[in-house]
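Contents: one structure, followed by commentary.
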Amino acid sequence: MKILAVNPGSTSTKIAVYEDETPRLVLNIRHSVEELSQFPRIIDQFEFRKHLVLEALEANDIPFKFDAIVGRGGLLKPIPGGVYAVNDAMLDDMLHAMRTHACNLGCLIAHELAAMLPGCPSFIADPGVVDELDDVARITGSPLMPSITIWHALNQRAIARRYAAERSALQPEAPVHYEDLNLIVCHLGGGVSVGVHRHGRAVDVPNALDGFGPFSPERAGTLPAGQLIDLCHSGRYTTEELKKRIGEARAMKHRLAGLAAHLGTNDIPAIERRIAEGDTHAALVLDAMIYRIAKEIGGAAVVLYGKVDAILLTGGMAHSEYITSRLQERVSFLAPVHVYPGEDELEALVMNALGALRGELPVQVYR
């Protein structure tokens, strides 16, 4: 089966073509700030990005013939995880989305391209708004602000399934599935999200987009509420300037939160070089981020009553031995720690689409 996957990001459009499990084309088309600045709104980038996908397929001699097209899921209303067929309700919600992000274009592009091929379905899978929280996890100290889930659902769930498959391969006499395990999965990227996965459900996950959890290379994480309120009413900053201070900005160069605020960069290798050259302040700040992430993992273990089968570290920062080794030192007493550097969301999208086509995964209806 031939699958096309499309993953629109803030500054890139990633595409992949697979034949069954074999990749035939994987591309990361980067967009400059100047290139995107011609579009007043993210939704206005739709035709531009769709045509880039078509041009890339033509340039690489890939015939426009697919059994399914799958796009990255956008910031829809909260839904359970899984594979969803793109339908009119989903398209309408994305066209009128209250939260804007380039990922909102994923289902729109997938639907438009699939419509060019008779009988070709379009899907999304495990969007960032997947909500499977236990009821107790929804309650905060203010009835005005219940917990909202926005997290790295696609990558976290794909890594959890990969771990289960690897474990089964090592013990074929006693295979295990994702649905059998209690896992803590930590996505370490420009943003950080720690998810508690209990027997196939993500029962406690953060709102990593709006600032819940540890600080990261680009985001401030949870901040003291009283100080934040005082800052908002101090008259020192506009609303847009304050959003930059928590990590919300259209371009990375405008973000003034997390490592970028403390050290002037979100580049982990560059920070590690500064540390190797004797920059004690850089070491303190990076170690503080690791400390905060470890505390979040420790808190996640409480959700599972300490019965944790494994802790999985993934995302771009998982390439850093400095970070992963120090995290392991702090949390390995809880459960075995396994490291899966990087994030292959394109492969995860393809595997979900294949599972749907083969009848291995149910195709859910978005309402």
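Lettering and numbering for the structure tokens are positional, with chains as A, B, ... in the shown order, residues counted from 1 in each chain, and ligands counted from 1 in the shown order.
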Residues flagged helix (DSSP H, G or I) by DSSP in segment 17-199 of chain A, as a ChimeraX atom specification:
/A:33-36,42-59,88-95,102-114,135-138,153-170,178-180
Within 7 Å of segment 123-136 of chain A using only C-alpha atoms, minus same-chain residues under 3 positions, as a compact mmCIF listing (two decimals) with N, CA and C atoms, in the first residue's frame:
# COMPACT_ATOMS: atom_id res chain seq x y z
N ILE A 69 -4.01 9.16 2.25
CA ILE A 69 -3.21 10.34 2.57
C ILE A 69 -3.53 10.71 4.02
N VAL A 70 -2.49 10.86 4.82
CA VAL A 70 -2.67 11.13 6.24
C VAL A 70 -1.95 12.42 6.60
N GLY A 71 -2.64 13.29 7.34
CA GLY A 71 -2.07 14.56 7.75
C GLY A 71 -1.93 14.64 9.26
N ARG A 72 -1.03 15.49 9.69
CA ARG A 72 -0.89 15.74 11.12
C ARG A 72 -2.18 16.37 11.65
N GLY A 73 -2.66 15.88 12.78
CA GLY A 73 -3.88 16.40 13.36
C GLY A 73 -3.68 17.78 13.96
N GLY A 74 -4.70 18.61 13.88
CA GLY A 74 -4.61 19.97 14.39
C GLY A 74 -5.20 20.12 15.78
N LEU A 75 -5.38 21.38 16.18
CA LEU A 75 -5.90 21.71 17.50
C LEU A 75 -7.43 21.70 17.48
N LEU A 76 -7.95 20.50 17.38
CA LEU A 76 -9.40 20.28 17.35
C LEU A 76 -9.96 20.35 18.77
N LYS A 77 -11.23 20.00 18.91
CA LYS A 77 -11.76 19.85 20.27
C LYS A 77 -11.19 18.56 20.86
N PRO A 78 -11.21 18.42 22.19
CA PRO A 78 -10.64 17.22 22.81
C PRO A 78 -11.30 15.94 22.32
N ILE A 79 -10.49 14.95 21.95
CA ILE A 79 -11.00 13.67 21.46
C ILE A 79 -10.10 12.54 21.97
N PRO A 80 -10.63 11.31 22.05
CA PRO A 80 -9.77 10.17 22.38
C PRO A 80 -8.73 9.94 21.28
N GLY A 81 -7.67 9.24 21.62
CA GLY A 81 -6.64 8.95 20.64
C GLY A 81 -7.10 7.96 19.58
N GLY A 82 -6.31 7.85 18.51
CA GLY A 82 -6.60 6.90 17.46
C GLY A 82 -6.57 7.52 16.08
N VAL A 83 -7.05 6.77 15.10
CA VAL A 83 -7.10 7.21 13.70
C VAL A 83 -8.50 7.74 13.41
N TYR A 84 -8.55 8.90 12.75
CA TYR A 84 -9.83 9.52 12.40
C TYR A 84 -9.88 9.78 10.90
N ALA A 85 -11.01 9.46 10.29
CA ALA A 85 -11.24 9.85 8.91
C ALA A 85 -11.55 11.35 8.88
N VAL A 86 -10.95 12.07 7.96
CA VAL A 86 -11.25 13.50 7.82
C VAL A 86 -12.67 13.65 7.29
N CYS A 107 -5.01 18.26 8.21
CA CYS A 107 -6.17 17.54 7.70
C CYS A 107 -6.73 18.24 6.46
N ILE A 139 -9.31 18.34 37.45
CA ILE A 139 -9.63 19.35 38.45
C ILE A 139 -8.37 20.11 38.86
N THR A 149 -5.67 19.36 27.66
CA THR A 149 -4.57 18.56 27.13
C THR A 149 -4.14 19.08 25.76
N ILE A 150 -2.89 19.50 25.68
CA ILE A 150 -2.23 19.77 24.40
C ILE A 150 -0.80 19.27 24.57
N TRP A 151 -0.47 18.18 23.88
CA TRP A 151 0.79 17.49 24.16
C TRP A 151 1.26 16.78 22.90
N HIS A 152 2.40 16.12 23.00
CA HIS A 152 3.01 15.46 21.84
C HIS A 152 2.45 14.03 21.72
N ALA A 153 1.15 13.95 21.48
CA ALA A 153 0.45 12.66 21.51
C ALA A 153 0.96 11.70 20.45
N LEU A 154 1.15 12.19 19.24
CA LEU A 154 1.54 11.31 18.13
C LEU A 154 2.87 10.63 18.41
N ARG A 201 -4.04 4.05 27.66
CA ARG A 201 -4.72 5.34 27.76
C ARG A 201 -3.78 6.35 28.39
N ALA A 202 -3.78 7.56 27.85
CA ALA A 202 -2.96 8.64 28.40
C ALA A 202 -3.79 9.35 29.46
N VAL A 203 -3.67 8.90 30.71
CA VAL A 203 -4.60 9.30 31.76
C VAL A 203 -4.19 10.60 32.45
N ASP A 204 -2.96 11.07 32.21
CA ASP A 204 -2.54 12.35 32.77
C ASP A 204 -1.48 12.94 31.85
N LEU A 349 2.56 8.65 11.54
CA LEU A 349 1.35 8.89 10.75
C LEU A 349 1.11 7.75 9.76
N ASN A 352 -0.08 4.51 11.41
CA ASN A 352 -1.49 4.60 11.78
C ASN A 352 -2.40 4.43 10.56
N ALA A 353 -2.01 5.05 9.44
CA ALA A 353 -2.81 4.90 8.22
C ALA A 353 -2.81 3.46 7.73
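Candidate residues A:Ala164, A:Met351, A:Ile271, A:Leu242 were compared for distance to Ala310 of chain A, and the nearest is A:Ala164, using only C-alpha atoms.
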Shell of 10 Å around Arg41 of chain A, only C-alpha atoms, local chain residues under 5 positions omitted, as an MDAnalysis selection string:
chainID A and resid 36 46 100:102
Selection: 8 Å around Asn7 of chain A, only C-alpha atoms, excl. self and same-chain fewer than 3 positions, as a ChimeraX atom specification
/A:13-15,71-72,103,106,345-346
Output the selection as an mmCIF file, in the first residue's frame - C-alpha atoms for each residue.
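So selection.cif came out as:
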data_model
loop_
_atom_site.group_PDB
_atom_site.id
_atom_site.type_symbol
_atom_site.label_atom_id
_atom_site.label_comp_id
_atom_site.auth_asym_id
_atom_site.auth_seq_id
_atom_site.Cartn_x
_atom_site.Cartn_y
_atom_site.Cartn_z
ATOM 1 C CA THR A 13 6.348 21.161 5.793
ATOM 2 C CA LYS A 14 7.496 17.556 6.126
ATOM 3 C CA ILE A 15 6.275 14.928 3.703
ATOM 4 C CA GLY A 71 -2.075 14.563 7.747
ATOM 5 C CA ARG A 72 -0.894 15.742 11.125
ATOM 6 C CA CYS A 103 -0.618 21.682 12.351
ATOM 7 C CA GLY A 106 -2.653 18.902 8.101
ATOM 8 C CA GLU A 345 6.016 11.757 13.339
ATOM 9 C CA LEU A 346 5.865 11.006 9.620
#
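Atom pair atom CA of Asp344 of chain A / atom CA of Lys295 of chain A has a distance of 26.2 Å (rounded to one decimal).
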